[in-house]
Amino acid sequence: MGPLPRLYDDLAPWWPLLSSPDDYAAEAAFYWQCITEASRIPVRTMLELGSGGGNNASHLKANCELTLVDLSPAMLRVSRSLNPECEHVHGDMREVRLGRRFDAVFVQDAVAYMLSEEDLARAMETAWVHLKPGGVALFCPDDVTETFQPSTSHGGHDRMLRSMRYLEWVYDPDPGDTLVTTDFAYILRDKDGVRIEYDRHVTGLFPRATWLRLLQAQGFSATIREHVEPTAPANGYEVLVAVRPE
Ligand SMILES: C[S@@+](CC[C@H](N)C(=O)[O-])C[C@H]1O[C@@H](n2cnc3c(N)ncnc32)[C@H](O)[C@@H]1O
């Protein structure tokens with residue numbers, strides 16, 4: 001992986017205006033349900049890998065004690081101010097080793113930054129070594145190859161003296177490899193005026209069979225669970241529920 005995208009680096013303070021914690025309540029509830037329904041042990045502690053600005057954590061922390069790991073010091077700062085009661089650790093999900101085990105491991109959209117099968121397998125190994133037997137590792141990629149669609153969307157939020165609007169353009173320049181590109185244009189408004197910034201995120205995309213094969217090779221018992229949005233079927237997504245056998 002090259003340098004972090006600007007959204008996780010110099011533009012990280014703008015993250016909550018791109019992606020507001022309030023918008024995560026329903027999906028965090030779904031993730032918690034996936035974990036607790038599959039877990040064979042009570043879920044009191046959870047490790048999140050690639051926790052970013054801590055938006056999911058801001059909801060999940062009501063259910064259990066959370067330890068949050070991210071590669072970006074700037075995103076950890078954003079999350080610390082939202083989730084001061086959680087433990088934050090700077091680390092790479094491919095190699096971090098905390099020397100303890102958790103009842104659950106959660107990896108949401110940050111797993112997209114695993115660009116190769118090798119990196120994806122390393123993130124799975126990190127989940128495995130931090131998970132108690134009987135516990136669940138939940139992986140939530142934005143897409144698998146079978147569900148990926150090029151798209152354009154926009155959004156943004158207003159907060160106190162700052163506002164942001166963005167255009168997000170996701171496409172696959174080479175369907176023959178495991179990479180997709182997301183180009184962002186950000187319009188940022190604060191007391192100093194308005195500016196426009198550009199950012200590119202290159203992320204990994206893998207077929208269902210690859211996910212299942214790598215999880216099984218690590219020792220997990222893995223299944224795919226689908227989330228259906230009744231009012232917007234196109235916004236449905238799939239998650240990988242991986243149980244570490246007892
Ligand atoms: C979209 S944000 C995650 C947001 C998070 N799901 C939430 O609920 O707020 C993606 C994060 O992945 C992190 N990331 C990318 N590669 C990583 C890696 N190898 N190890 C750990 N974190 C990584 C980035 O620093 C960024 O903070």
# chains A, B, ... in the order shown; residues from 1 in each chain; ligands from 1
call {"tool": "residues_near_ligand", "arguments": {"ligand": "ligand 1", "cutoff": "9 Å", "atoms": "only C-alpha atoms and all ligand atoms", "output": "PDB file with C-alpha atoms, in the first residue's frame"}}
result
ATOM      1  CA  MET A   1       0.000   0.000   0.000  1.00  0.00           C
ATOM      2  CA  LEU A   4      -2.662   6.922   2.892  1.00  0.00           C
ATOM      3  CA  PRO A   5      -5.443   8.663   0.961  1.00  0.00           C
ATOM      4  CA  LEU A   7      -9.048  11.685   3.666  1.00  0.00           C
ATOM      5  CA  TYR A   8      -7.098   9.731   6.296  1.00  0.00           C
ATOM      6  CA  ASP A   9      -4.174  12.121   6.372  1.00  0.00           C
ATOM      7  CA  ALA A  12      -8.901  13.634   8.284  1.00  0.00           C
ATOM      8  CA  TRP A  15     -14.046  12.979   7.942  1.00  0.00           C
ATOM      9  CA  PRO A  16     -17.079  13.543  10.254  1.00  0.00           C
ATOM     10  CA  SER A  19     -19.418  10.443   7.053  1.00  0.00           C
ATOM     11  CA  SER A  20     -21.471  11.350  10.111  1.00  0.00           C
ATOM     12  CA  PRO A  21     -21.513   8.981  13.125  1.00  0.00           C
ATOM     13  CA  TYR A  24     -24.203   4.424  11.348  1.00  0.00           C
ATOM     14  CA  ALA A  28     -23.839  -1.034  13.603  1.00  0.00           C
ATOM     15  CA  GLU A  48     -11.893  -3.339  15.530  1.00  0.00           C
ATOM     16  CA  LEU A  49      -9.207  -3.314  12.830  1.00  0.00           C
ATOM     17  CA  GLY A  50      -9.216  -0.185  10.646  1.00  0.00           C
ATOM     18  CA  SER A  51     -11.596   1.662  12.955  1.00  0.00           C
ATOM     19  CA  GLY A  52     -11.059   4.996  11.194  1.00  0.00           C
ATOM     20  CA  GLY A  53     -13.020   7.896  12.659  1.00  0.00           C
ATOM     21  CA  GLY A  54     -14.819   5.480  14.995  1.00  0.00           C
ATOM     22  CA  ASN A  55     -18.306   5.887  13.577  1.00  0.00           C
ATOM     23  CA  ASN A  56     -19.378   2.264  14.071  1.00  0.00           C
ATOM     24  CA  ALA A  57     -17.539   2.216  17.379  1.00  0.00           C
ATOM     25  CA  SER A  58     -19.613   5.165  18.590  1.00  0.00           C
ATOM     26  CA  VAL A  69      -6.723  -0.096  15.752  1.00  0.00           C
ATOM     27  CA  ASP A  70      -5.980   2.120  12.757  1.00  0.00           C
ATOM     28  CA  LEU A  71      -3.028   2.876  10.513  1.00  0.00           C
ATOM     29  CA  SER A  72      -3.702   6.617  10.436  1.00  0.00           C
ATOM     30  CA  PRO A  73      -2.649   8.759  13.408  1.00  0.00           C
ATOM     31  CA  ALA A  74      -4.944  11.535  12.132  1.00  0.00           C
ATOM     32  CA  MET A  75      -7.997   9.228  12.042  1.00  0.00           C
ATOM     33  CA  LEU A  76      -7.148   7.914  15.511  1.00  0.00           C
ATOM     34  CA  SER A  79     -11.933   8.710  16.833  1.00  0.00           C
ATOM     35  CA  HIS A  90      -1.809   2.756  16.111  1.00  0.00           C
ATOM     36  CA  GLY A  91      -1.208  -0.296  13.927  1.00  0.00           C
ATOM     37  CA  ASP A  92      -1.498  -2.017  10.577  1.00  0.00           C
ATOM     38  CA  MET A  93      -4.167  -4.728  10.388  1.00  0.00           C
ATOM     39  CA  ARG A  94      -1.734  -6.899   8.415  1.00  0.00           C
ATOM     40  CA  GLU A  95       0.792  -7.153  11.218  1.00  0.00           C
ATOM     41  CA  VAL A  96      -0.365  -5.633  14.509  1.00  0.00           C
ATOM     42  CA  VAL A 107     -13.297  -5.278  10.259  1.00  0.00           C
ATOM     43  CA  GLN A 108     -15.630  -3.071   8.283  1.00  0.00           C
ATOM     44  CA  ASP A 109     -14.926  -1.047   5.136  1.00  0.00           C
ATOM     45  CA  ALA A 110     -11.236  -0.590   6.018  1.00  0.00           C
ATOM     46  CA  VAL A 111     -10.663  -4.133   4.771  1.00  0.00           C
ATOM     47  CA  ALA A 112     -10.989  -2.679   1.256  1.00  0.00           C
ATOM     48  CA  TYR A 113      -7.450  -1.350   1.661  1.00  0.00           C
ATOM     49  CA  MET A 114      -6.184  -4.923   1.409  1.00  0.00           C
ATOM     50  CA  ASP A 119      -2.660  -8.774   2.341  1.00  0.00           C
ATOM     51  CA  ALA A 123      -5.560  -9.297   7.928  1.00  0.00           C
TER      52      ALA A 123
END
call {"tool": "residues_around", "arguments": {"residues": "A:Leu18", "least_positions_apart": "2", "cutoff": "9 Å", "atoms": "only C-alpha atoms", "output": "MDAnalysis selection string"}}
result
chainID A and resid 14:16 20 155:157 164:166 186
call {"tool": "select_by_dssp", "arguments": {"residues": "stretch 35-218 of chain A", "states": "strand (DSSP E or B)", "output": "MDAnalysis selection string"}}
result
chainID A and resid 45:49 65:70 87:90 102:107 131:139 151:155 158:159 162:171 179:190 193:204
call {"tool": "atom_distance", "arguments": {"atom1": "atom CA of A:Phe102", "atom2": "atom CA of A:Arg44"}}
result
8.2 Å
call {"tool": "select_by_dssp", "arguments": {"residues": "stretch 32-246 of chain A", "states": "helix (DSSP H, G or I)", "output": "ChimeraX atom specification"}}
result
/A:32-38,57-60,73-82,109-113,117-129,208-218,233-235
call {"tool": "residues_around", "arguments": {"residues": "A:Pro133", "least_positions_apart": "3", "cutoff": "9 Å", "atoms": "only C-alpha atoms", "output": "JSON, numbers by chain"}}
result
{"A": [40, 41, 103, 136, 243, 244, 245, 246]}
call {"tool": "closest_residue", "arguments": {"among": "A:Ser163, A:Asn83, A:Ala62, A:Leu214", "to": "A:Asp192", "atoms": "only C-alpha atoms"}}
result
A:Ser163
call {"tool": "atom_distance", "arguments": {"atom1": "atom CA of A:Asp174", "atom2": "atom CA of A:Glu226"}}
result
26.7 Å
call {"tool": "atom_distance", "arguments": {"atom1": "atom CA of A:Thr178", "atom2": "atom CA of A:Glu117"}}
result
8.6 Å
call {"tool": "closest_residue", "arguments": {"among": "A:Lys191, A:His59, A:Arg213, A:Arg101", "to": "A:Ala137", "atoms": "only C-alpha atoms"}}
result
A:Arg101
call {"tool": "closest_residue", "arguments": {"among": "A:Pro84, A:Pro42, A:Gly99, A:Gly134", "to": "A:Phe220", "atoms": "only C-alpha atoms"}}
result
A:Gly134
call {"tool": "residues_around", "arguments": {"residues": "A:Met124", "least_positions_apart": "3", "cutoff": "8 Å", "atoms": "only C-alpha atoms", "output": "PyMOL selection string"}}
result
chain A and resi 120-121+127-128+214-215+218
call {"tool": "closest_residue", "arguments": {"among": "A:Lys61, A:Arg200, A:Arg6, A:Arg225", "to": "A:Thr181", "atoms": "only C-alpha atoms"}}
result
A:Arg200
call {"tool": "closest_residue", "arguments": {"among": "A:Ala232, A:Leu66, A:Leu179, A:Ala185", "to": "A:Thr152", "atoms": "only C-alpha atoms"}}
result
A:Ala185
call {"tool": "closest_residue", "arguments": {"among": "A:Asp158, A:Glu27, A:Asp22, A:Asp183", "to": "A:Val228", "atoms": "only C-alpha atoms"}}
result
A:Glu27
